[in-house]
file upload-v7.pdb (PDB, C-alpha atoms, pLDDT in the B column)
MODEL        1
ATOM      1  CA  MET V   1       0.000   0.000   0.000  1.00 43.00           C
ATOM      2  CA  ALA V   2       0.992   3.645  -0.422  1.00 46.00           C
ATOM      3  CA  GLN V   3       1.633   5.498   2.823  1.00 44.00           C
ATOM      4  CA  HIS V   4       1.873   9.273   3.246  1.00 41.00           C
ATOM      5  CA  LEU V   5       5.142  10.740   4.536  1.00 38.00           C
ATOM      6  CA  GLU V   6       5.978  14.273   5.573  1.00 37.00           C
ATOM      7  CA  GLY V   7       6.292  16.707   2.711  1.00 42.00           C
ATOM      8  CA  ASP V   8       5.589  15.641  -0.852  1.00 72.00           C
ATOM      9  CA  TRP V   9       6.650  12.004  -0.607  1.00 76.00           C
ATOM     10  CA  LEU V  10       4.737   8.739  -0.627  1.00 79.00           C
ATOM     11  CA  GLU V  11       6.042   5.380   0.560  1.00 74.00           C
ATOM     12  CA  LEU V  12       5.045   2.350  -1.513  1.00 76.00           C
ATOM     13  CA  ALA V  13       5.474  -1.259  -0.345  1.00 72.00           C
ATOM     14  CA  THR V  14       6.008  -3.659  -3.265  1.00 67.00           C
ATOM     15  CA  SER V  15       5.305  -7.369  -3.649  1.00 63.00           C
ATOM     16  CA  GLY V  16       9.073  -7.922  -3.779  1.00 59.00           C
ATOM     17  CA  GLY V  17       9.383  -6.728  -0.203  1.00 60.00           C
ATOM     18  CA  ASN V  18      10.963  -3.382  -1.008  1.00 63.00           C
ATOM     19  CA  VAL V  19       9.820   0.041   0.124  1.00 68.00           C
ATOM     20  CA  ILE V  20       9.979   2.725  -2.550  1.00 76.00           C
ATOM     21  CA  ARG V  21       9.785   6.464  -1.906  1.00 77.00           C
ATOM     22  CA  VAL V  22       7.912   8.335  -4.619  1.00 85.00           C
ATOM     23  CA  LEU V  23       7.960  12.110  -4.995  1.00 84.00           C
ATOM     24  CA  LYS V  24       4.443  13.407  -5.696  1.00 84.00           C
ATOM     25  CA  ALA V  25       3.861  16.699  -7.478  1.00 84.00           C
ATOM     26  CA  MET V  26       0.748  18.440  -8.689  1.00 84.00           C
ATOM     27  CA  HIS V  27       1.207  19.748 -12.242  1.00 79.00           C
ATOM     28  CA  PRO V  28      -1.202  22.493 -13.353  1.00 77.00           C
ATOM     29  CA  ARG V  29      -1.102  21.421 -17.001  1.00 77.00           C
ATOM     30  CA  SER V  30      -1.386  17.678 -16.370  1.00 77.00           C
ATOM     31  CA  ARG V  31      -4.457  15.932 -17.718  1.00 82.00           C
ATOM     32  CA  ARG V  32      -3.704  12.533 -16.237  1.00 89.00           C
ATOM     33  CA  LEU V  33      -1.600  10.769 -13.635  1.00 91.00           C
ATOM     34  CA  ARG V  34       1.964  10.144 -14.802  1.00 89.00           C
ATOM     35  CA  LEU V  35       4.751   8.062 -13.256  1.00 88.00           C
ATOM     36  CA  THR V  36       8.412   8.633 -14.228  1.00 85.00           C
ATOM     37  CA  VAL V  37      11.712   7.088 -13.123  1.00 82.00           C
ATOM     38  CA  THR V  38      15.053   8.884 -13.456  1.00 75.00           C
ATOM     39  CA  PRO V  39      18.491   8.374 -11.866  1.00 66.00           C
ATOM     40  CA  LYS V  40      17.212  10.551  -9.003  1.00 66.00           C
ATOM     41  CA  GLY V  41      14.283   8.240  -8.231  1.00 75.00           C
ATOM     42  CA  ALA V  42      10.550   7.915  -8.849  1.00 83.00           C
ATOM     43  CA  ARG V  43       8.040  10.743  -9.309  1.00 86.00           C
ATOM     44  CA  VAL V  44       4.270  10.787  -9.743  1.00 88.00           C
ATOM     45  CA  SER V  45       2.616  13.911 -11.190  1.00 89.00           C
ATOM     46  CA  TYR V  46      -1.115  14.503 -11.180  1.00 90.00           C
ATOM     47  CA  PRO V  47      -3.714  17.112 -12.262  1.00 89.00           C
ATOM     48  CA  ASN V  48      -4.998  19.698  -9.839  1.00 86.00           C
ATOM     49  CA  GLY V  49      -7.956  18.350  -7.883  1.00 86.00           C
ATOM     50  CA  THR V  50      -6.890  14.701  -7.937  1.00 88.00           C
ATOM     51  CA  HIS V  51      -7.960  12.909  -4.753  1.00 88.00           C
ATOM     52  CA  PRO V  52      -5.084  11.342  -2.747  1.00 87.00           C
ATOM     53  CA  ALA V  53      -6.830   7.961  -2.950  1.00 88.00           C
ATOM     54  CA  GLN V  54      -6.567   8.107  -6.749  1.00 90.00           C
ATOM     55  CA  VAL V  55      -2.822   8.752  -6.510  1.00 88.00           C
ATOM     56  CA  ASN V  56      -2.408   5.832  -4.089  1.00 87.00           C
ATOM     57  CA  ALA V  57      -4.420   3.469  -6.295  1.00 89.00           C
ATOM     58  CA  PHE V  58      -2.423   4.545  -9.369  1.00 90.00           C
ATOM     59  CA  LEU V  59       0.866   3.821  -7.589  1.00 87.00           C
ATOM     60  CA  ARG V  60      -0.302   0.427  -6.327  1.00 86.00           C
ATOM     61  CA  SER V  61      -1.334  -0.581  -9.853  1.00 89.00           C
ATOM     62  CA  HIS V  62       2.145   0.280 -11.159  1.00 86.00           C
ATOM     63  CA  ALA V  63       4.186  -1.048  -8.208  1.00 83.00           C
ATOM     64  CA  ASP V  64       5.706  -4.016 -10.083  1.00 80.00           C
ATOM     65  CA  TRP V  65       6.649  -1.861 -13.080  1.00 83.00           C
ATOM     66  CA  LEU V  66       8.178   0.754 -10.800  1.00 82.00           C
ATOM     67  CA  GLU V  67      10.227  -1.824  -8.915  1.00 76.00           C
ATOM     68  CA  GLN V  68      11.524  -3.273 -12.190  1.00 75.00           C
ATOM     69  CA  LYS V  69      12.538   0.141 -13.552  1.00 75.00           C
ATOM     70  CA  LEU V  70      14.383   1.039 -10.366  1.00 71.00           C
ATOM     71  CA  GLU V  71      16.258  -2.258 -10.503  1.00 68.00           C
ATOM     72  CA  GLU V  72      17.212  -1.617 -14.138  1.00 65.00           C
ATOM     73  CA  LEU V  73      18.704   1.713 -13.093  1.00 63.00           C
ATOM     74  CA  HIS V  74      20.476  -0.001 -10.176  1.00 57.00           C
ATOM     75  CA  LEU V  75      18.811   2.422  -7.771  1.00 54.00           C
ATOM     76  CA  VAL V  76      18.526   1.481  -4.144  1.00 49.00           C
ATOM     77  CA  THR V  77      14.913   1.565  -3.027  1.00 46.00           C
ATOM     78  CA  LYS V  78      15.940   2.692   0.437  1.00 57.00           C
ATOM     79  CA  PRO V  79      16.499   6.471   0.333  1.00 61.00           C
ATOM     80  CA  LEU V  80      19.979   7.845   0.967  1.00 72.00           C
ATOM     81  CA  PRO V  81      20.372   9.613   4.312  1.00 79.00           C
ATOM     82  CA  PRO V  82      20.129  13.393   3.914  1.00 84.00           C
ATOM     83  CA  LEU V  83      23.141  15.564   4.632  1.00 89.00           C
ATOM     84  CA  LYS V  84      22.777  16.902   8.185  1.00 90.00           C
ATOM     85  CA  LEU V  85      24.893  19.462   9.969  1.00 90.00           C
ATOM     86  CA  GLY V  86      27.197  17.785  12.481  1.00 91.00           C
ATOM     87  CA  HIS V  87      26.249  14.225  11.476  1.00 93.00           C
ATOM     88  CA  ALA V  88      29.024  12.093   9.960  1.00 95.00           C
ATOM     89  CA  THR V  89      28.126  10.160   6.825  1.00 94.00           C
ATOM     90  CA  ASP V  90      29.785   7.881   4.286  1.00 94.00           C
ATOM     91  CA  PHE V  91      29.829   8.581   0.566  1.00 95.00           C
ATOM     92  CA  PRO V  92      31.819   7.461  -2.496  1.00 95.00           C
ATOM     93  CA  PHE V  93      34.763   9.633  -3.511  1.00 97.00           C
ATOM     94  CA  ARG V  94      37.214   8.665  -6.270  1.00 97.00           C
ATOM     95  CA  GLY V  95      35.718   5.175  -6.167  1.00 95.00           C
ATOM     96  CA  GLU V  96      36.367   4.640  -2.454  1.00 95.00           C
ATOM     97  CA  THR V  97      34.039   4.778   0.529  1.00 95.00           C
ATOM     98  CA  THR V  98      34.862   8.037   2.284  1.00 96.00           C
ATOM     99  CA  GLN V  99      33.706   9.448   5.606  1.00 96.00           C
ATOM    100  CA  LEU V 100      32.451  13.002   5.852  1.00 97.00           C
ATOM    101  CA  GLN V 101      33.003  14.629   9.244  1.00 96.00           C
ATOM    102  CA  TRP V 102      32.234  18.082  10.648  1.00 96.00           C
ATOM    103  CA  ALA V 103      34.222  20.544  12.748  1.00 95.00           C
ATOM    104  CA  GLU V 104      34.177  24.209  13.740  1.00 94.00           C
ATOM    105  CA  GLY V 105      36.850  26.652  12.633  1.00 92.00           C
ATOM    106  CA  PRO V 106      37.535  30.310  11.861  1.00 92.00           C
ATOM    107  CA  TYR V 107      36.605  29.997   8.175  1.00 92.00           C
ATOM    108  CA  PRO V 108      34.842  27.435   5.971  1.00 94.00           C
ATOM    109  CA  LYS V 109      37.003  24.854   4.223  1.00 96.00           C
ATOM    110  CA  VAL V 110      37.321  21.179   3.328  1.00 97.00           C
ATOM    111  CA  GLU V 111      40.195  19.407   5.049  1.00 96.00           C
ATOM    112  CA  PRO V 112      41.113  15.903   3.827  1.00 96.00           C
ATOM    113  CA  PHE V 113      42.323  13.220   6.206  1.00 95.00           C
ATOM    114  CA  GLU V 114      43.151   9.532   5.749  1.00 93.00           C
ATOM    115  CA  GLY V 115      39.923   7.933   4.558  1.00 92.00           C
ATOM    116  CA  GLY V 116      37.759  11.023   4.677  1.00 96.00           C
ATOM    117  CA  LEU V 117      37.015  14.731   4.483  1.00 97.00           C
ATOM    118  CA  THR V 118      36.254  17.193   7.277  1.00 97.00           C
ATOM    119  CA  LEU V 119      33.891  20.086   6.605  1.00 96.00           C
ATOM    120  CA  ILE V 120      35.013  22.989   8.753  1.00 95.00           C
ATOM    121  CA  ILE V 121      32.179  25.447   9.340  1.00 94.00           C
ATOM    122  CA  PRO V 122      32.468  28.622  11.469  1.00 91.00           C
ATOM    123  CA  ARG V 123      29.831  29.780  13.942  1.00 85.00           C
ATOM    124  CA  PRO V 124      27.119  31.002  13.803  1.00 80.00           C
ATOM    125  CA  HIS V 125      25.553  28.169  11.797  1.00 77.00           C
ATOM    126  CA  THR V 126      22.784  30.216  10.182  1.00 82.00           C
ATOM    127  CA  ARG V 127      23.646  29.084   6.639  1.00 87.00           C
ATOM    128  CA  ALA V 128      25.854  26.140   7.475  1.00 91.00           C
ATOM    129  CA  LEU V 129      24.223  23.574   5.183  1.00 92.00           C
ATOM    130  CA  PRO V 130      24.282  25.698   1.990  1.00 92.00           C
ATOM    131  CA  VAL V 131      27.888  26.655   2.776  1.00 93.00           C
ATOM    132  CA  ALA V 132      28.799  22.988   3.294  1.00 94.00           C
ATOM    133  CA  ARG V 133      27.186  21.983  -0.004  1.00 95.00           C
ATOM    134  CA  GLY V 134      29.036  24.743  -1.828  1.00 95.00           C
ATOM    135  CA  LEU V 135      32.332  23.692  -0.265  1.00 96.00           C
ATOM    136  CA  LEU V 136      31.833  20.094  -1.374  1.00 97.00           C
ATOM    137  CA  ALA V 137      30.877  21.121  -4.927  1.00 97.00           C
ATOM    138  CA  SER V 138      34.005  23.300  -5.211  1.00 97.00           C
ATOM    139  CA  TYR V 139      36.205  20.580  -3.755  1.00 98.00           C
ATOM    140  CA  PHE V 140      34.844  17.965  -6.177  1.00 98.00           C
ATOM    141  CA  GLU V 141      35.337  20.314  -9.138  1.00 98.00           C
ATOM    142  CA  ALA V 142      38.923  21.088  -8.110  1.00 98.00           C
ATOM    143  CA  GLN V 143      39.699  17.365  -7.914  1.00 98.00           C
ATOM    144  CA  ILE V 144      38.337  16.765 -11.414  1.00 98.00           C
ATOM    145  CA  ARG V 145      40.286  19.722 -12.820  1.00 98.00           C
ATOM    146  CA  ARG V 146      43.541  18.450 -11.307  1.00 98.00           C
ATOM    147  CA  ASP V 147      43.064  15.010 -12.846  1.00 98.00           C
ATOM    148  CA  VAL V 148      41.969  16.344 -16.228  1.00 98.00           C
ATOM    149  CA  SER V 149      44.834  18.825 -16.545  1.00 97.00           C
ATOM    150  CA  ARG V 150      47.319  16.017 -15.892  1.00 97.00           C
ATOM    151  CA  TRP V 151      45.762  13.712 -18.499  1.00 97.00           C
ATOM    152  CA  LEU V 152      45.307  16.442 -21.101  1.00 97.00           C
ATOM    153  CA  ALA V 153      49.075  16.970 -21.092  1.00 95.00           C
ATOM    154  CA  GLY V 154      49.412  13.503 -22.601  1.00 95.00           C
ATOM    155  CA  TYR V 155      46.265  13.289 -24.714  1.00 96.00           C
ATOM    156  CA  VAL V 156      46.443  16.610 -26.583  1.00 96.00           C
ATOM    157  CA  PRO V 157      49.780  15.834 -28.318  1.00 95.00           C
ATOM    158  CA  GLN V 158      48.400  12.412 -29.324  1.00 94.00           C
ATOM    159  CA  LEU V 159      45.271  13.892 -30.850  1.00 94.00           C
ATOM    160  CA  GLY V 160      46.772  17.078 -32.209  1.00 94.00           C
ATOM    161  CA  LEU V 161      43.632  18.864 -30.964  1.00 95.00           C
ATOM    162  CA  ALA V 162      42.558  20.475 -27.707  1.00 96.00           C
ATOM    163  CA  PRO V 163      39.239  21.597 -26.220  1.00 97.00           C
ATOM    164  CA  THR V 164      38.665  25.340 -25.946  1.00 97.00           C
ATOM    165  CA  ALA V 165      37.399  25.115 -22.373  1.00 97.00           C
ATOM    166  CA  LEU V 166      36.414  22.703 -19.621  1.00 97.00           C
ATOM    167  CA  ARG V 167      33.133  23.101 -17.757  1.00 97.00           C
ATOM    168  CA  ILE V 168      32.200  20.937 -14.759  1.00 97.00           C
ATOM    169  CA  ARG V 169      28.672  20.872 -13.386  1.00 95.00           C
ATOM    170  CA  PRO V 170      25.963  18.417 -12.299  1.00 93.00           C
ATOM    171  CA  MET V 171      24.385  16.778 -15.347  1.00 89.00           C
ATOM    172  CA  LYS V 172      21.037  14.979 -15.155  1.00 80.00           C
ATOM    173  CA  SER V 173      21.736  12.024 -17.437  1.00 75.00           C
ATOM    174  CA  LEU V 174      24.980  12.529 -19.376  1.00 87.00           C
ATOM    175  CA  TRP V 175      28.522  12.037 -18.081  1.00 94.00           C
ATOM    176  CA  GLY V 176      30.037  14.426 -20.564  1.00 93.00           C
ATOM    177  CA  SER V 177      29.491  16.301 -23.799  1.00 93.00           C
ATOM    178  CA  LEU V 178      31.335  18.345 -26.421  1.00 92.00           C
ATOM    179  CA  ASP V 179      29.554  21.458 -27.641  1.00 92.00           C
ATOM    180  CA  THR V 180      29.790  23.221 -30.996  1.00 92.00           C
ATOM    181  CA  ARG V 181      32.501  25.536 -29.634  1.00 94.00           C
ATOM    182  CA  ASP V 182      34.691  22.547 -28.730  1.00 95.00           C
ATOM    183  CA  ARG V 183      34.101  23.014 -25.014  1.00 96.00           C
ATOM    184  CA  ILE V 184      34.080  19.831 -22.939  1.00 97.00           C
ATOM    185  CA  ASN V 185      31.386  19.485 -20.267  1.00 96.00           C
ATOM    186  CA  LEU V 186      31.871  16.923 -17.499  1.00 97.00           C
ATOM    187  CA  ASP V 187      29.439  15.754 -14.827  1.00 96.00           C
ATOM    188  CA  LEU V 188      30.474  16.756 -11.309  1.00 97.00           C
ATOM    189  CA  ALA V 189      29.415  13.280 -10.112  1.00 96.00           C
ATOM    190  CA  LEU V 190      32.542  11.896 -11.810  1.00 97.00           C
ATOM    191  CA  ALA V 191      34.496  13.108  -8.766  1.00 98.00           C
ATOM    192  CA  LEU V 192      32.796  10.284  -6.866  1.00 97.00           C
ATOM    193  CA  ALA V 193      33.751   7.634  -9.451  1.00 97.00           C
ATOM    194  CA  PRO V 194      37.102   5.851  -9.755  1.00 97.00           C
ATOM    195  CA  PRO V 195      39.623   8.067 -11.589  1.00 98.00           C
ATOM    196  CA  ALA V 196      39.692   5.563 -14.486  1.00 97.00           C
ATOM    197  CA  ALA V 197      35.976   6.209 -15.122  1.00 97.00           C
ATOM    198  CA  LEU V 198      36.574   9.958 -15.261  1.00 98.00           C
ATOM    199  CA  ARG V 199      39.511   9.350 -17.572  1.00 98.00           C
ATOM    200  CA  TYR V 200      37.313   7.310 -19.926  1.00 97.00           C
ATOM    201  CA  VAL V 201      34.712  10.094 -20.162  1.00 97.00           C
ATOM    202  CA  LEU V 202      37.440  12.652 -20.857  1.00 98.00           C
ATOM    203  CA  ALA V 203      38.972  10.466 -23.581  1.00 97.00           C
ATOM    204  CA  HIS V 204      35.503   9.897 -25.057  1.00 96.00           C
ATOM    205  CA  GLU V 205      34.774  13.612 -25.353  1.00 96.00           C
ATOM    206  CA  LEU V 206      38.273  14.408 -26.635  1.00 97.00           C
ATOM    207  CA  CYS V 207      37.799  11.908 -29.451  1.00 96.00           C
ATOM    208  CA  HIS V 208      34.673  13.793 -30.497  1.00 95.00           C
ATOM    209  CA  LEU V 209      37.006  16.632 -31.458  1.00 96.00           C
ATOM    210  CA  LYS V 210      37.992  14.411 -34.400  1.00 95.00           C
ATOM    211  CA  VAL V 211      34.810  12.399 -34.961  1.00 94.00           C
ATOM    212  CA  ARG V 212      31.475  13.923 -33.917  1.00 92.00           C
ATOM    213  CA  SER V 213      29.492  10.707 -34.320  1.00 91.00           C
ATOM    214  CA  HIS V 214      29.694   7.342 -32.544  1.00 90.00           C
ATOM    215  CA  SER V 215      30.799   5.584 -35.702  1.00 93.00           C
ATOM    216  CA  ARG V 216      33.319   2.742 -35.863  1.00 94.00           C
ATOM    217  CA  ARG V 217      36.017   5.314 -36.630  1.00 95.00           C
ATOM    218  CA  PHE V 218      35.176   7.117 -33.388  1.00 94.00           C
ATOM    219  CA  TRP V 219      35.558   3.988 -31.249  1.00 95.00           C
ATOM    220  CA  VAL V 220      38.883   3.238 -32.928  1.00 96.00           C
ATOM    221  CA  GLN V 221      40.010   6.688 -31.775  1.00 95.00           C
ATOM    222  CA  VAL V 222      38.836   5.963 -28.221  1.00 96.00           C
ATOM    223  CA  GLU V 223      40.612   2.595 -28.239  1.00 96.00           C
ATOM    224  CA  GLY V 224      43.856   4.274 -29.220  1.00 95.00           C
ATOM    225  CA  LEU V 225      43.554   6.903 -26.527  1.00 95.00           C
ATOM    226  CA  PHE V 226      42.149   4.759 -23.694  1.00 96.00           C
ATOM    227  CA  PRO V 227      42.211   0.972 -24.342  1.00 96.00           C
ATOM    228  CA  GLU V 228      40.310   0.154 -21.110  1.00 95.00           C
ATOM    229  CA  TRP V 229      37.245   2.150 -22.210  1.00 95.00           C
ATOM    230  CA  ARG V 230      34.813  -0.809 -22.287  1.00 94.00           C
ATOM    231  CA  GLU V 231      35.390  -1.732 -18.651  1.00 95.00           C
ATOM    232  CA  GLN V 232      34.902   1.867 -17.482  1.00 95.00           C
ATOM    233  CA  ARG V 233      31.843   2.418 -19.675  1.00 93.00           C
ATOM    234  CA  ASP V 234      30.257  -0.700 -18.173  1.00 89.00           C
ATOM    235  CA  TRP V 235      31.183   0.418 -14.658  1.00 91.00           C
ATOM    236  CA  LEU V 236      29.376   3.715 -15.177  1.00 89.00           C
ATOM    237  CA  ARG V 237      26.344   1.953 -16.610  1.00 82.00           C
ATOM    238  CA  HIS V 238      26.050  -0.227 -13.512  1.00 79.00           C
ATOM    239  CA  ASN V 239      26.960   2.344 -10.866  1.00 84.00           C
ATOM    240  CA  GLY V 240      26.130   5.669 -12.433  1.00 84.00           C
ATOM    241  CA  ALA V 241      22.624   6.123 -11.034  1.00 78.00           C
ATOM    242  CA  ILE V 242      23.718   5.806  -7.432  1.00 82.00           C
ATOM    243  CA  LEU V 243      26.624   8.226  -8.036  1.00 89.00           C
ATOM    244  CA  LYS V 244      24.235  10.861  -9.364  1.00 88.00           C
ATOM    245  CA  ALA V 245      21.901  10.265  -6.422  1.00 85.00           C
ATOM    246  CA  GLU V 246      24.831  10.603  -3.989  1.00 92.00           C
ATOM    247  CA  LEU V 247      25.940  13.862  -5.585  1.00 93.00           C
ATOM    248  CA  ASP V 248      22.401  15.203  -5.419  1.00 91.00           C
ATOM    249  CA  ARG V 249      22.062  14.540  -1.680  1.00 90.00           C
ATOM    250  CA  LEU V 250      25.504  16.083  -1.014  1.00 94.00           C
ATOM    251  CA  ILE V 251      25.214  19.278  -3.048  1.00 93.00           C
ATOM    252  CA  ALA V 252      21.453  19.664  -3.693  1.00 82.00           C
ATOM    253  CA  ASP V 253      20.357  23.286  -4.172  1.00 61.00           C
ATOM    254  CA  VAL V 254      23.838  24.348  -5.326  1.00 58.00           C
ATOM    255  CA  ALA V 255      23.344  26.260  -8.579  1.00 46.00           C
ATOM    256  CA  ASP V 256      24.293  24.341 -11.751  1.00 40.00           C
TER     257      ASP V 256
ENDMDL
END
call {"tool": "encode", "arguments": {"input": "upload-v7.pdb", "output": "structure tokens"}}
result
Amino acid sequence: MAQHLEGDWLELATSGGNVIRVLKAMHPRSRRLRLTVTPKGARVSYPNGTHPAQVNAFLRSHADWLEQKLEELHLVTKPLPPLKLGHATDFPFRGETTQLQWAEGPYPKVEPFEGGLTLIIPRPHTRALPVARGLLASYFEAQIRRDVSRWLAGYVPQLGLAPTALRIRPMKSLWGSLDTRDRINLDLALALAPPAALRYVLAHELCHLKVRSHSRRFWVQVEGLFPEWREQRDWLRHNGAILKAELDRLIADVAD
């Protein structure tokens, strides 16, 4: 059955024994109930005036389908714990389980230690959580830029071409892209992945400087630049959804 939670969430128990959280949202232009699944989770939208019992019945009738789609995306049905001020939590960083700790200090910063990161937040804590999210986003971006600059030094001479710029931001579904101005865009969630996965995405986008399509010629280019590309592509396919979900809970509300 579907059970109401605080806020705009519903909890749905499935026949497989899982409990799925579904975000519910009234849409003024909706004409019917609609259920969608993305790497961030499940969402049900409904027209204005829809009775809650109708939403619950709709979810129950689609419970098996929803469970299957979440499994295909390799999403955990148990929600990730929200980021809370002062509460330690584990998260993936560079492919390793990392502990996030909190401390007070004269100015905000991220301080790495063996096996983790400490978020140092000054008092008063009026905007501590937004500051913490911004610190993490900046730290993740800096890590990606350090890795990419090191690899570009070897890849650019091989290709004979270079991107005009590098932009790093959260991306909803893609891991990277190359725009018409030859700027490479990379997903910030790649900071949470093993460095080899980030390196594959970089090599992939660099090869688009020569071949814009995904033709056989393109994959030959990728093979020459990064021979282990298949393994890393498969790793992202199997683990990517949870990485994006982890990034979202760590830096949610930080501007793209």
call {"tool": "resolve_selection", "arguments": {"input": "upload-v7.pdb", "expression": "the PyMOL selection byres ((chain V and resi 31) around 12)", "output": "CSV table (one decimal) with C-alpha atoms, in the frame of the given file"}}
result
chain,number,residue,atom,x,y,z
V,26,MET,CA,0.7,18.4,-8.7
V,27,HIS,CA,1.2,19.7,-12.2
V,28,PRO,CA,-1.2,22.5,-13.4
V,29,ARG,CA,-1.1,21.4,-17.0
V,30,SER,CA,-1.4,17.7,-16.4
V,32,ARG,CA,-3.7,12.5,-16.2
V,33,LEU,CA,-1.6,10.8,-13.6
V,34,ARG,CA,2.0,10.1,-14.8
V,45,SER,CA,2.6,13.9,-11.2
V,46,TYR,CA,-1.1,14.5,-11.2
V,47,PRO,CA,-3.7,17.1,-12.3
V,48,ASN,CA,-5.0,19.7,-9.8
V,49,GLY,CA,-8.0,18.4,-7.9
V,50,THR,CA,-6.9,14.7,-7.9
call {"tool": "resolve_selection", "arguments": {"input": "upload-v7.pdb", "expression": "the PyMOL selection byres ((chain V and resi 235-244) around 10)", "output": "MDAnalysis selection string"}}
result
chainID V and resid 38:41 70 72:76 80 91:93 95 170:175 187:194 196:198 200:201 229:234 245:250
call {"tool": "residues_near_point", "arguments": {"input": "upload-v7.pdb", "point": "(39.2, 15.8, 2.7)", "cutoff": "12 Å", "atoms": "only C-alpha atoms", "output": "PyMOL selection string"}}
result
chain V and resi 93-94+98-102+109-120+135-136+139-140+143
call {"tool": "residues_around", "arguments": {"input": "upload-v7.pdb", "residues": "Val220 in chain V", "least_positions_apart": "3", "cutoff": "12 Å", "atoms": "all atoms listed in the file", "output": "ChimeraX atom specification"}}
result
/V:203-204,207-208,210-211,214-217,223-227,229
call {"tool": "axis_aligned_box", "arguments": {"input": "upload-v7.pdb", "around": "range 243-246 of chain V", "padding_each_side": "8 Å", "output": "AutoDock Vina command-line options"}}
result
--center_x 24.3 --center_y 9.5 --center_z -6.7 --size_x 20.7 --size_y 18.6 --size_z 21.4
call {"tool": "atom_distance", "arguments": {"input": "upload-v7.pdb", "atom1": "CA of Leu23 in chain V", "atom2": "CA of Val37 in chain V"}}
result
10.3 Å
call {"tool": "resolve_selection", "arguments": {"input": "upload-v7.pdb", "expression": "the PyMOL selection byres ((chain V and resi 131) around 12)", "output": "PyMOL selection string"}}
result
chain V and resi 85+107-110+119-130+132-138+250-254
call {"tool": "atom_distance", "arguments": {"input": "upload-v7.pdb", "atom1": "CA of Gly86 in chain V", "atom2": "CA of Gly105 in chain V"}}
result
13.1 Å
call {"tool": "atom_distance", "arguments": {"input": "upload-v7.pdb", "atom1": "CA of Ile20 in chain V", "atom2": "CA of Arg169 in chain V"}}
result
28.2 Å
